[in-house]
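Shown next: structure_15.cif, given as mmCIF, N, CA and C atoms.
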```cif
data_my_file
#
loop_
_atom_site.label_atom_id
_atom_site.label_comp_id
_atom_site.auth_asym_id
_atom_site.auth_seq_id
_atom_site.Cartn_x
_atom_site.Cartn_y
_atom_site.Cartn_z
N MET A 1 108.83 99.79 111.71
CA MET A 1 108.27 101.06 112.07
C MET A 1 108.35 101.24 113.58
N GLU A 2 108.51 102.47 113.99
CA GLU A 2 108.66 102.79 115.40
C GLU A 2 107.52 103.65 115.90
N LYS A 3 107.18 103.43 117.15
CA LYS A 3 106.19 104.27 117.81
C LYS A 3 106.93 105.09 118.86
N VAL A 4 106.76 106.39 118.84
CA VAL A 4 107.36 107.26 119.83
C VAL A 4 106.33 107.43 120.95
N THR A 5 106.72 107.05 122.18
CA THR A 5 105.82 107.15 123.33
C THR A 5 106.29 108.27 124.25
N ILE A 6 105.37 109.12 124.61
CA ILE A 6 105.66 110.21 125.54
C ILE A 6 104.83 109.98 126.79
N SER A 7 105.51 109.66 127.89
CA SER A 7 104.84 109.41 129.16
C SER A 7 104.58 110.75 129.84
N LEU A 8 103.35 111.20 129.78
CA LEU A 8 103.00 112.51 130.32
C LEU A 8 103.05 112.54 131.85
N ALA A 9 102.76 111.43 132.51
CA ALA A 9 102.81 111.40 133.97
C ALA A 9 104.24 111.58 134.48
N LYS A 10 105.22 111.09 133.73
CA LYS A 10 106.61 111.30 134.14
C LYS A 10 106.99 112.77 134.05
N LEU A 11 106.37 113.48 133.15
CA LEU A 11 106.67 114.89 132.96
C LEU A 11 105.83 115.81 133.84
N PHE A 12 104.57 115.43 134.10
CA PHE A 12 103.63 116.34 134.75
C PHE A 12 103.01 115.81 136.04
N GLY A 13 103.38 114.62 136.46
CA GLY A 13 102.73 114.05 137.64
C GLY A 13 101.33 113.60 137.27
N ASN A 14 100.39 113.67 138.23
CA ASN A 14 99.05 113.16 137.94
C ASN A 14 98.09 114.22 137.38
N CYS A 15 98.57 115.46 137.22
CA CYS A 15 97.75 116.53 136.64
C CYS A 15 98.47 117.17 135.46
N ALA A 16 97.93 116.99 134.28
CA ALA A 16 98.51 117.59 133.08
C ALA A 16 97.83 118.93 132.83
N VAL A 17 98.33 119.97 133.52
CA VAL A 17 97.73 121.29 133.40
C VAL A 17 98.77 122.38 133.13
N ASN A 18 100.04 122.04 133.19
CA ASN A 18 101.13 123.01 133.03
C ASN A 18 101.25 123.42 131.56
N LEU A 19 100.78 124.62 131.23
CA LEU A 19 100.77 125.07 129.84
C LEU A 19 102.17 125.29 129.30
N GLU A 20 103.06 125.81 130.12
CA GLU A 20 104.45 126.01 129.70
C GLU A 20 105.11 124.66 129.42
N GLY A 21 104.82 123.67 130.25
CA GLY A 21 105.35 122.33 130.03
C GLY A 21 104.80 121.71 128.75
N ALA A 22 103.51 121.90 128.50
CA ALA A 22 102.90 121.40 127.26
C ALA A 22 103.55 122.03 126.05
N LYS A 23 103.82 123.33 126.15
CA LYS A 23 104.48 124.03 125.04
C LYS A 23 105.88 123.46 124.81
N LYS A 24 106.61 123.15 125.87
CA LYS A 24 107.95 122.58 125.73
C LYS A 24 107.90 121.20 125.09
N VAL A 25 106.95 120.37 125.50
CA VAL A 25 106.81 119.04 124.89
C VAL A 25 106.49 119.18 123.41
N ARG A 26 105.58 120.11 123.09
CA ARG A 26 105.23 120.34 121.68
C ARG A 26 106.45 120.81 120.89
N THR A 27 107.16 121.78 121.43
CA THR A 27 108.28 122.39 120.72
C THR A 27 109.48 121.45 120.59
N LEU A 28 109.81 120.76 121.68
CA LEU A 28 111.03 119.96 121.70
C LEU A 28 110.86 118.52 121.23
N VAL A 29 109.63 118.00 121.32
CA VAL A 29 109.41 116.59 120.98
C VAL A 29 108.44 116.42 119.81
N LEU A 30 107.24 116.96 119.95
CA LEU A 30 106.21 116.71 118.94
C LEU A 30 106.49 117.37 117.60
N THR A 31 106.88 118.63 117.61
CA THR A 31 107.14 119.32 116.34
C THR A 31 108.25 118.64 115.55
N PRO A 32 109.40 118.31 116.17
CA PRO A 32 110.43 117.59 115.40
C PRO A 32 109.95 116.21 114.90
N ALA A 33 109.17 115.52 115.73
CA ALA A 33 108.68 114.20 115.32
C ALA A 33 107.74 114.31 114.12
N PHE A 34 106.84 115.30 114.14
CA PHE A 34 105.93 115.46 113.01
C PHE A 34 106.63 116.02 111.78
N PHE A 35 107.65 116.83 111.98
CA PHE A 35 108.46 117.28 110.85
C PHE A 35 109.13 116.08 110.19
N LEU A 36 109.65 115.17 111.01
CA LEU A 36 110.28 113.95 110.49
C LEU A 36 109.25 113.08 109.77
N LEU A 37 108.07 112.94 110.35
CA LEU A 37 107.01 112.17 109.69
C LEU A 37 106.67 112.75 108.33
N LYS A 38 106.51 114.07 108.28
CA LYS A 38 106.17 114.74 107.02
C LYS A 38 107.29 114.57 106.00
N THR A 39 108.52 114.74 106.42
CA THR A 39 109.67 114.60 105.53
C THR A 39 109.78 113.19 104.98
N CYS A 40 109.59 112.20 105.85
CA CYS A 40 109.65 110.81 105.42
C CYS A 40 108.53 110.47 104.45
N ALA A 41 107.35 111.01 104.70
CA ALA A 41 106.22 110.76 103.80
C ALA A 41 106.49 111.36 102.42
N GLU A 42 107.03 112.58 102.41
CA GLU A 42 107.33 113.22 101.13
C GLU A 42 108.45 112.49 100.38
N ALA A 43 109.36 111.87 101.13
CA ALA A 43 110.46 111.14 100.51
C ALA A 43 110.11 109.67 100.28
N ASP A 44 108.85 109.32 100.60
CA ASP A 44 108.37 107.95 100.46
C ASP A 44 109.17 106.97 101.32
N ILE A 45 109.53 107.40 102.50
CA ILE A 45 110.19 106.53 103.48
C ILE A 45 109.18 106.26 104.58
N SER A 46 108.71 105.05 104.66
CA SER A 46 107.64 104.76 105.62
C SER A 46 108.11 103.93 106.81
N ASP A 47 109.37 103.61 106.89
CA ASP A 47 109.84 102.72 107.95
C ASP A 47 110.48 103.45 109.12
N TYR A 48 110.13 104.71 109.33
CA TYR A 48 110.79 105.45 110.39
C TYR A 48 109.92 105.60 111.63
N ILE A 49 108.95 106.48 111.61
CA ILE A 49 108.03 106.63 112.73
C ILE A 49 106.63 106.26 112.26
N ASP A 50 106.01 105.41 113.03
CA ASP A 50 104.68 104.90 112.71
C ASP A 50 103.58 105.70 113.41
N ALA A 51 103.86 106.11 114.66
CA ALA A 51 102.85 106.81 115.45
C ALA A 51 103.50 107.55 116.61
N ILE A 52 102.78 108.52 117.11
CA ILE A 52 103.16 109.25 118.31
C ILE A 52 102.13 108.87 119.37
N GLU A 53 102.58 108.19 120.41
CA GLU A 53 101.69 107.75 121.47
C GLU A 53 101.81 108.69 122.67
N LEU A 54 100.71 109.33 123.01
CA LEU A 54 100.66 110.16 124.21
C LEU A 54 100.12 109.29 125.33
N ASP A 55 100.99 108.95 126.26
CA ASP A 55 100.63 108.03 127.35
C ASP A 55 100.11 108.82 128.54
N PHE A 56 98.82 108.72 128.79
CA PHE A 56 98.16 109.41 129.89
C PHE A 56 98.04 108.52 131.13
N THR A 57 98.67 107.37 131.13
CA THR A 57 98.62 106.48 132.29
C THR A 57 99.12 107.23 133.51
N GLY A 58 98.32 107.27 134.56
CA GLY A 58 98.69 107.98 135.78
C GLY A 58 98.23 109.42 135.83
N ILE A 59 97.72 109.94 134.73
CA ILE A 59 97.18 111.30 134.71
C ILE A 59 95.72 111.23 135.13
N ASN A 60 95.38 111.92 136.20
CA ASN A 60 94.00 111.92 136.70
C ASN A 60 93.21 113.12 136.22
N TYR A 61 93.92 114.15 135.78
CA TYR A 61 93.23 115.38 135.42
C TYR A 61 94.03 116.13 134.36
N THR A 62 93.32 116.67 133.38
CA THR A 62 93.93 117.56 132.40
C THR A 62 92.89 118.61 132.01
N THR A 63 93.30 119.56 131.22
CA THR A 63 92.39 120.63 130.80
C THR A 63 92.40 120.77 129.29
N GLN A 64 91.38 121.41 128.77
CA GLN A 64 91.33 121.69 127.34
C GLN A 64 92.48 122.62 126.95
N ALA A 65 92.80 123.54 127.82
CA ALA A 65 93.90 124.48 127.54
C ALA A 65 95.22 123.72 127.38
N PHE A 66 95.44 122.71 128.20
CA PHE A 66 96.65 121.90 128.10
C PHE A 66 96.69 121.17 126.75
N MET A 67 95.56 120.57 126.37
CA MET A 67 95.50 119.85 125.10
C MET A 67 95.70 120.80 123.92
N HIS A 68 95.14 121.98 123.99
CA HIS A 68 95.33 122.96 122.92
C HIS A 68 96.79 123.39 122.83
N GLU A 69 97.41 123.60 123.98
CA GLU A 69 98.83 123.99 123.98
C GLU A 69 99.70 122.87 123.43
N LEU A 70 99.33 121.64 123.74
CA LEU A 70 100.09 120.48 123.29
C LEU A 70 99.93 120.23 121.79
N LEU A 71 98.71 120.36 121.28
CA LEU A 71 98.43 119.93 119.90
C LEU A 71 97.97 121.02 118.93
N GLY A 72 97.38 122.09 119.43
CA GLY A 72 96.77 123.09 118.56
C GLY A 72 97.72 123.66 117.51
N GLU A 73 98.91 124.06 117.93
CA GLU A 73 99.89 124.62 116.99
C GLU A 73 100.32 123.59 115.95
N LEU A 74 100.42 122.32 116.38
CA LEU A 74 100.79 121.27 115.42
C LEU A 74 99.77 121.15 114.30
N ILE A 75 98.50 121.22 114.69
CA ILE A 75 97.43 121.10 113.70
C ILE A 75 97.49 122.29 112.74
N CYS A 76 97.72 123.47 113.29
CA CYS A 76 97.82 124.67 112.44
C CYS A 76 99.03 124.59 111.51
N GLU A 77 100.15 124.11 112.04
CA GLU A 77 101.39 124.07 111.26
C GLU A 77 101.41 122.96 110.22
N PHE A 78 100.99 121.76 110.61
CA PHE A 78 101.12 120.61 109.72
C PHE A 78 99.82 120.18 109.04
N GLY A 79 98.68 120.50 109.64
CA GLY A 79 97.40 120.10 109.06
C GLY A 79 96.77 118.94 109.79
N GLU A 80 95.57 118.60 109.36
CA GLU A 80 94.79 117.60 110.08
C GLU A 80 95.34 116.17 109.97
N TRP A 81 96.29 115.91 109.08
CA TRP A 81 96.86 114.57 108.98
C TRP A 81 97.58 114.18 110.27
N VAL A 82 97.94 115.17 111.10
CA VAL A 82 98.59 114.91 112.38
C VAL A 82 97.74 113.97 113.23
N TYR A 83 96.41 114.15 113.19
CA TYR A 83 95.52 113.32 113.98
C TYR A 83 95.70 111.83 113.68
N ASP A 84 96.03 111.50 112.44
CA ASP A 84 96.16 110.11 112.03
C ASP A 84 97.35 109.40 112.70
N TYR A 85 98.26 110.17 113.26
CA TYR A 85 99.46 109.59 113.86
C TYR A 85 99.49 109.66 115.38
N ILE A 86 98.45 110.21 115.99
CA ILE A 86 98.41 110.32 117.44
C ILE A 86 97.58 109.19 118.02
N ILE A 87 98.17 108.51 118.99
CA ILE A 87 97.48 107.47 119.74
C ILE A 87 97.43 107.91 121.20
N TYR A 88 96.27 107.82 121.80
CA TYR A 88 96.12 108.13 123.22
C TYR A 88 96.13 106.83 124.00
N LYS A 89 97.01 106.75 124.96
CA LYS A 89 97.14 105.52 125.75
C LYS A 89 96.84 105.82 127.21
N GLY A 90 96.10 104.94 127.85
CA GLY A 90 95.92 104.97 129.28
C GLY A 90 95.11 106.13 129.84
N ALA A 91 94.37 106.82 129.01
CA ALA A 91 93.56 107.94 129.51
C ALA A 91 92.33 107.40 130.23
N ASN A 92 92.13 107.85 131.46
CA ASN A 92 90.91 107.44 132.16
C ASN A 92 89.71 108.13 131.53
N ARG A 93 88.54 107.79 131.98
CA ARG A 93 87.30 108.30 131.37
C ARG A 93 87.25 109.83 131.39
N ASN A 94 87.59 110.44 132.51
CA ASN A 94 87.51 111.90 132.61
C ASN A 94 88.53 112.59 131.71
N VAL A 95 89.74 112.07 131.67
CA VAL A 95 90.79 112.65 130.83
C VAL A 95 90.40 112.50 129.36
N PHE A 96 89.88 111.34 128.99
CA PHE A 96 89.50 111.13 127.60
C PHE A 96 88.36 112.07 127.19
N ARG A 97 87.45 112.35 128.12
CA ARG A 97 86.37 113.32 127.83
C ARG A 97 86.95 114.70 127.53
N VAL A 98 87.96 115.09 128.30
CA VAL A 98 88.60 116.40 128.06
C VAL A 98 89.28 116.40 126.70
N ILE A 99 89.94 115.30 126.35
CA ILE A 99 90.59 115.19 125.04
C ILE A 99 89.55 115.36 123.93
N LEU A 100 88.45 114.64 124.05
CA LEU A 100 87.39 114.74 123.04
C LEU A 100 86.80 116.14 123.00
N LYS A 101 86.58 116.74 124.15
CA LYS A 101 86.02 118.09 124.21
C LYS A 101 86.97 119.10 123.59
N SER A 102 88.27 118.92 123.80
CA SER A 102 89.24 119.85 123.22
C SER A 102 89.24 119.77 121.70
N TYR A 103 88.94 118.60 121.16
CA TYR A 103 88.90 118.46 119.70
C TYR A 103 87.78 119.28 119.08
N GLU A 104 86.72 119.53 119.85
CA GLU A 104 85.60 120.31 119.32
C GLU A 104 86.00 121.74 118.99
N THR A 105 87.02 122.24 119.65
CA THR A 105 87.44 123.62 119.42
C THR A 105 88.81 123.73 118.75
N MET A 106 89.33 122.61 118.26
CA MET A 106 90.59 122.64 117.53
C MET A 106 90.37 123.31 116.16
N PRO A 107 91.44 123.85 115.57
CA PRO A 107 91.31 124.53 114.27
C PRO A 107 90.74 123.63 113.18
N GLN A 108 91.12 122.37 113.20
CA GLN A 108 90.59 121.40 112.24
C GLN A 108 90.17 120.17 113.03
N LYS A 109 89.10 119.54 112.62
CA LYS A 109 88.53 118.41 113.36
C LYS A 109 89.11 117.09 112.85
N PRO A 110 89.34 116.13 113.77
CA PRO A 110 89.83 114.82 113.34
C PRO A 110 88.71 113.99 112.72
N LYS A 111 89.09 113.09 111.83
CA LYS A 111 88.13 112.14 111.27
C LYS A 111 87.91 110.99 112.23
N SER A 112 88.97 110.65 112.98
CA SER A 112 88.87 109.59 113.97
C SER A 112 89.93 109.82 115.05
N ILE A 113 89.74 109.16 116.18
CA ILE A 113 90.66 109.28 117.30
C ILE A 113 91.14 107.88 117.65
N TYR A 114 92.44 107.72 117.81
CA TYR A 114 93.02 106.42 118.10
C TYR A 114 93.34 106.31 119.57
N TYR A 115 92.80 105.28 120.20
CA TYR A 115 92.96 105.07 121.64
C TYR A 115 93.48 103.67 121.86
N ASP A 116 94.47 103.56 122.70
CA ASP A 116 95.06 102.24 123.01
C ASP A 116 94.83 101.93 124.47
#
```

For the structure just supplied, provide its representation as structure tokens.
Amino acid sequence: MEKVTISLAKLFGNCAVNLEGAKKVRTLVLTPAFFLLKTCAEADISDYIDAIELDFTGINYTTQAFMHELLGELICEFGEWVYDYIIYKGANRNVFRVILKSYETMPQKPKSIYYD
């Protein structure tokens, strides 16, 4: 099984606030990855993608709007099972608080949050 890691600091520097950039990551990377996950699950192929790791290492600041742009449409399109495949890596205390706060206003709430 493979884990897809997206280094957000490489894309956004130390502030993840660019909504257009979040939309591009969602559209070009996350949506195809979750489509593949869904397709593999329906075909009973489990050895392809294991998780999507959002690496916040080096990110000092983010916003709820950024998190909504990054994940909100995915939740609406694919459903709450998406949460089961997202791992947050390297988020400092303040960034992780924003992530948790953004979940309060997501269309569907996660049962658990995976942090590495």

Each range 4-71 of chain A residue no farther than 6.5 Å from range 79-101 of chain A, nearest pair in Å, only N, CA and C atoms, as a Markdown table:
```
| residue | atom | partner | partner_atom | distance |
| --- | --- | --- | --- | --- |
| A:Asp50 | C | A:Tyr85 | CA | 5.7 |
| A:Ala51 | CA | A:Tyr85 | C | 4.4 |
| A:Ile52 | N | A:Tyr85 | C | 3.9 |
| A:Glu53 | CA | A:Ile87 | C | 4.3 |
| A:Leu54 | N | A:Ile87 | C | 4.0 |
| A:Asp55 | CA | A:Lys89 | C | 4.4 |
| A:Phe56 | N | A:Lys89 | C | 3.9 |
| A:Thr57 | N | A:Gly90 | C | 4.0 |
| A:Gly58 | N | A:Gly90 | C | 5.8 |
| A:Ile59 | C | A:Asn92 | N | 6.1 |
| A:Asn60 | C | A:Val95 | N | 5.8 |
| A:Tyr61 | CA | A:Val95 | CA | 5.9 |
| A:Thr62 | N | A:Val95 | CA | 5.4 |
| A:Thr63 | C | A:Val98 | CA | 5.9 |
| A:Gln64 | CA | A:Val98 | C | 5.7 |
```

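Taking atom N of Glu77 in chain A as the reference point, CA of Glu20 in chain A is found at 18.3 Å.
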
Using only C-alpha atoms, find the one residue out of A:Cys15, A:Leu70, A:Met106, A:Cys76 that sits nearest to Thr27 in chain A.
->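 Checking each candidate against Thr27 in chain A, we get A:Leu70 as the closest.
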
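Residue-level DSSP output for chain A, from the backbone, shows strand (DSSP E or B) at Glu2, Lys3, Val4, Thr5, Ile6, Ser7, Cys15, Ala16, Ile49, Asp50, Ala51, Ile52, Glu53, Leu54, Asp55, Tyr61, Thr62, Ile86, Ile87, Tyr88, Lys89, Tyr114 and Tyr115 of chain A.
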
Hey, can you check how far CA of Phe66 in chain A sits from atom C of Cys40 in chain A?
->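 Interatomic distance, CA of Phe66 in chain A to atom C of Cys40 in chain A: 28.8 Å.
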
Listed atoms of range 7-20 of chain A boxed along x, y and z, 5 Å each side, centre and edge lengths in Å, one decimal, as lines of an AutoDock Vina configuration file:
```
center_x = 102.4
center_y = 117.7
center_z = 133.1
size_x = 19.3
size_y = 26.6
size_z = 20.3
```

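Compared by their closest atoms to Lys23 in chain A, and using only N, CA and C atoms, the residues A:Leu37, A:Ile49, A:Leu71, A:Ala9 rank with A:Leu71 nearest.
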
File contents for range 82-96 of chain A with all heavy atoms as a PDB file, in the first residue's frame:
```
ATOM      1  N   VAL A  82     -13.959  10.065   3.249  1.00  0.00           N
ATOM      2  CA  VAL A  82     -12.718  10.745   2.892  1.00  0.00           C
ATOM      3  C   VAL A  82     -11.869  10.993   4.135  1.00  0.00           C
ATOM      4  O   VAL A  82     -10.651  10.845   4.117  1.00  0.00           O
ATOM      5  CB  VAL A  82     -13.033  12.078   2.163  1.00  0.00           C
ATOM      6  CG1 VAL A  82     -11.829  12.997   2.093  1.00  0.00           C
ATOM      7  CG2 VAL A  82     -13.585  11.795   0.780  1.00  0.00           C
ATOM      8  N   TYR A  83     -12.520  11.350   5.249  1.00  0.00           N
ATOM      9  CA  TYR A  83     -11.795  11.631   6.488  1.00  0.00           C
ATOM     10  C   TYR A  83     -10.925  10.448   6.926  1.00  0.00           C
ATOM     11  O   TYR A  83      -9.878  10.637   7.525  1.00  0.00           O
ATOM     12  CB  TYR A  83     -12.768  11.959   7.623  1.00  0.00           C
ATOM     13  CG  TYR A  83     -13.510  13.257   7.482  1.00  0.00           C
ATOM     14  CD1 TYR A  83     -14.896  13.268   7.436  1.00  0.00           C
ATOM     15  CD2 TYR A  83     -12.850  14.478   7.420  1.00  0.00           C
ATOM     16  CE1 TYR A  83     -15.602  14.457   7.340  1.00  0.00           C
ATOM     17  CE2 TYR A  83     -13.536  15.669   7.324  1.00  0.00           C
ATOM     18  CZ  TYR A  83     -14.915  15.653   7.286  1.00  0.00           C
ATOM     19  OH  TYR A  83     -15.606  16.828   7.188  1.00  0.00           O
ATOM     20  N   ASP A  84     -11.380   9.237   6.650  1.00  0.00           N
ATOM     21  CA  ASP A  84     -10.658   8.043   7.081  1.00  0.00           C
ATOM     22  C   ASP A  84      -9.311   7.872   6.374  1.00  0.00           C
ATOM     23  O   ASP A  84      -8.479   7.089   6.817  1.00  0.00           O
ATOM     24  CB  ASP A  84     -11.495   6.786   6.848  1.00  0.00           C
ATOM     25  CG  ASP A  84     -12.745   6.759   7.701  1.00  0.00           C
ATOM     26  OD1 ASP A  84     -12.773   7.434   8.751  1.00  0.00           O
ATOM     27  OD2 ASP A  84     -13.704   6.075   7.315  1.00  0.00           O
ATOM     28  N   TYR A  85      -9.113   8.576   5.280  1.00  0.00           N
ATOM     29  CA  TYR A  85      -7.887   8.427   4.498  1.00  0.00           C
ATOM     30  C   TYR A  85      -6.954   9.622   4.589  1.00  0.00           C
ATOM     31  O   TYR A  85      -5.895   9.625   3.984  1.00  0.00           O
ATOM     32  CB  TYR A  85      -8.235   8.164   3.026  1.00  0.00           C
ATOM     33  CG  TYR A  85      -8.806   6.794   2.823  1.00  0.00           C
ATOM     34  CD1 TYR A  85     -10.181   6.584   2.908  1.00  0.00           C
ATOM     35  CD2 TYR A  85      -7.985   5.703   2.579  1.00  0.00           C
ATOM     36  CE1 TYR A  85     -10.715   5.319   2.743  1.00  0.00           C
ATOM     37  CE2 TYR A  85      -8.512   4.443   2.419  1.00  0.00           C
ATOM     38  CZ  TYR A  85      -9.883   4.256   2.499  1.00  0.00           C
ATOM     39  OH  TYR A  85     -10.418   3.002   2.349  1.00  0.00           O
ATOM     40  N   ILE A  86      -7.323  10.639   5.344  1.00  0.00           N
ATOM     41  CA  ILE A  86      -6.481  11.826   5.471  1.00  0.00           C
ATOM     42  C   ILE A  86      -5.674  11.743   6.753  1.00  0.00           C
ATOM     43  O   ILE A  86      -6.212  11.514   7.834  1.00  0.00           O
ATOM     44  CB  ILE A  86      -7.332  13.114   5.474  1.00  0.00           C
ATOM     45  CG1 ILE A  86      -8.071  13.256   4.159  1.00  0.00           C
ATOM     46  CG2 ILE A  86      -6.438  14.334   5.721  1.00  0.00           C
ATOM     47  CD1 ILE A  86      -9.038  14.417   4.122  1.00  0.00           C
ATOM     48  N   ILE A  87      -4.372  11.949   6.603  1.00  0.00           N
ATOM     49  CA  ILE A  87      -3.461  12.019   7.743  1.00  0.00           C
ATOM     50  C   ILE A  87      -2.838  13.416   7.736  1.00  0.00           C
ATOM     51  O   ILE A  87      -2.380  13.886   6.700  1.00  0.00           O
ATOM     52  CB  ILE A  87      -2.340  10.962   7.647  1.00  0.00           C
ATOM     53  CG1 ILE A  87      -2.933   9.561   7.657  1.00  0.00           C
ATOM     54  CG2 ILE A  87      -1.323  11.149   8.776  1.00  0.00           C
ATOM     55  CD1 ILE A  87      -1.913   8.469   7.368  1.00  0.00           C
ATOM     56  N   TYR A  88      -2.834  14.056   8.874  1.00  0.00           N
ATOM     57  CA  TYR A  88      -2.191  15.359   9.011  1.00  0.00           C
ATOM     58  C   TYR A  88      -0.820  15.150   9.629  1.00  0.00           C
ATOM     59  O   TYR A  88      -0.703  14.542  10.680  1.00  0.00           O
ATOM     60  CB  TYR A  88      -3.037  16.287   9.890  1.00  0.00           C
ATOM     61  CG  TYR A  88      -4.371  16.573   9.276  1.00  0.00           C
ATOM     62  CD1 TYR A  88      -5.493  15.843   9.639  1.00  0.00           C
ATOM     63  CD2 TYR A  88      -4.497  17.548   8.305  1.00  0.00           C
ATOM     64  CE1 TYR A  88      -6.716  16.083   9.058  1.00  0.00           C
ATOM     65  CE2 TYR A  88      -5.725  17.799   7.707  1.00  0.00           C
ATOM     66  CZ  TYR A  88      -6.820  17.064   8.096  1.00  0.00           C
ATOM     67  OH  TYR A  88      -8.027  17.300   7.508  1.00  0.00           O
ATOM     68  N   LYS A  89       0.191  15.655   8.960  1.00  0.00           N
ATOM     69  CA  LYS A  89       1.560  15.469   9.440  1.00  0.00           C
ATOM     70  C   LYS A  89       2.182  16.835   9.720  1.00  0.00           C
ATOM     71  O   LYS A  89       2.011  17.769   8.943  1.00  0.00           O
ATOM     72  CB  LYS A  89       2.394  14.748   8.387  1.00  0.00           C
ATOM     73  CG  LYS A  89       3.837  14.568   8.760  1.00  0.00           C
ATOM     74  CD  LYS A  89       4.619  13.890   7.671  1.00  0.00           C
ATOM     75  CE  LYS A  89       6.074  13.766   8.085  1.00  0.00           C
ATOM     76  NZ  LYS A  89       6.888  13.230   7.014  1.00  0.00           N
ATOM     77  N   GLY A  90       2.900  16.927  10.820  1.00  0.00           N
ATOM     78  CA  GLY A  90       3.727  18.084  11.108  1.00  0.00           C
ATOM     79  C   GLY A  90       3.007  19.381  11.395  1.00  0.00           C
ATOM     80  O   GLY A  90       3.625  20.443  11.360  1.00  0.00           O
ATOM     81  N   ALA A  91       1.733  19.331  11.695  1.00  0.00           N
ATOM     82  CA  ALA A  91       0.996  20.566  11.991  1.00  0.00           C
ATOM     83  C   ALA A  91       1.348  21.040  13.397  1.00  0.00           C
ATOM     84  O   ALA A  91       1.249  20.272  14.352  1.00  0.00           O
ATOM     85  CB  ALA A  91      -0.508  20.327  11.875  1.00  0.00           C
ATOM     86  N   ASN A  92       1.761  22.296  13.507  1.00  0.00           N
ATOM     87  CA  ASN A  92       2.021  22.830  14.845  1.00  0.00           C
ATOM     88  C   ASN A  92       0.696  23.023  15.576  1.00  0.00           C
ATOM     89  O   ASN A  92      -0.382  22.837  15.000  1.00  0.00           O
ATOM     90  CB  ASN A  92       2.862  24.117  14.783  1.00  0.00           C
ATOM     91  CG  ASN A  92       2.145  25.292  14.161  1.00  0.00           C
ATOM     92  OD1 ASN A  92       0.921  25.431  14.264  1.00  0.00           O
ATOM     93  ND2 ASN A  92       2.894  26.159  13.507  1.00  0.00           N
ATOM     94  N   ARG A  93       0.769  23.401  16.815  1.00  0.00           N
ATOM     95  CA  ARG A  93      -0.429  23.505  17.658  1.00  0.00           C
ATOM     96  C   ARG A  93      -1.463  24.472  17.058  1.00  0.00           C
ATOM     97  O   ARG A  93      -2.646  24.170  17.011  1.00  0.00           O
ATOM     98  CB  ARG A  93      -0.047  23.946  19.057  1.00  0.00           C
ATOM     99  CG  ARG A  93      -1.202  23.985  20.026  1.00  0.00           C
ATOM    100  CD  ARG A  93      -0.783  24.481  21.374  1.00  0.00           C
ATOM    101  NE  ARG A  93       0.441  23.812  21.785  1.00  0.00           N
ATOM    102  CZ  ARG A  93       0.630  23.267  22.971  1.00  0.00           C
ATOM    103  NH1 ARG A  93      -0.311  23.316  23.866  1.00  0.00           N
ATOM    104  NH2 ARG A  93       1.767  22.684  23.266  1.00  0.00           N
ATOM    105  N   ASN A  94      -1.016  25.628  16.599  1.00  0.00           N
ATOM    106  CA  ASN A  94      -1.959  26.617  16.063  1.00  0.00           C
ATOM    107  C   ASN A  94      -2.603  26.141  14.769  1.00  0.00           C
ATOM    108  O   ASN A  94      -3.806  26.314  14.566  1.00  0.00           O
ATOM    109  CB  ASN A  94      -1.255  27.960  15.842  1.00  0.00           C
ATOM    110  CG  ASN A  94      -0.862  28.607  17.147  1.00  0.00           C
ATOM    111  OD1 ASN A  94      -1.513  28.422  18.168  1.00  0.00           O
ATOM    112  ND2 ASN A  94       0.219  29.360  17.124  1.00  0.00           N
ATOM    113  N   VAL A  95      -1.824  25.544  13.892  1.00  0.00           N
ATOM    114  CA  VAL A  95      -2.357  25.037  12.623  1.00  0.00           C
ATOM    115  C   VAL A  95      -3.347  23.907  12.897  1.00  0.00           C
ATOM    116  O   VAL A  95      -4.422  23.858  12.296  1.00  0.00           O
ATOM    117  CB  VAL A  95      -1.220  24.576  11.689  1.00  0.00           C
ATOM    118  CG1 VAL A  95      -1.755  23.807  10.497  1.00  0.00           C
ATOM    119  CG2 VAL A  95      -0.394  25.778  11.231  1.00  0.00           C
ATOM    120  N   PHE A  96      -3.007  23.024  13.822  1.00  0.00           N
ATOM    121  CA  PHE A  96      -3.901  21.913  14.125  1.00  0.00           C
ATOM    122  C   PHE A  96      -5.219  22.418  14.717  1.00  0.00           C
ATOM    123  O   PHE A  96      -6.286  21.868  14.437  1.00  0.00           O
ATOM    124  CB  PHE A  96      -3.229  20.897  15.050  1.00  0.00           C
ATOM    125  CG  PHE A  96      -3.912  19.564  15.033  1.00  0.00           C
ATOM    126  CD1 PHE A  96      -3.930  18.788  13.889  1.00  0.00           C
ATOM    127  CD2 PHE A  96      -4.556  19.079  16.157  1.00  0.00           C
ATOM    128  CE1 PHE A  96      -4.571  17.560  13.859  1.00  0.00           C
ATOM    129  CE2 PHE A  96      -5.189  17.852  16.142  1.00  0.00           C
ATOM    130  CZ  PHE A  96      -5.199  17.097  14.989  1.00  0.00           C
TER     131      PHE A  96
END
```
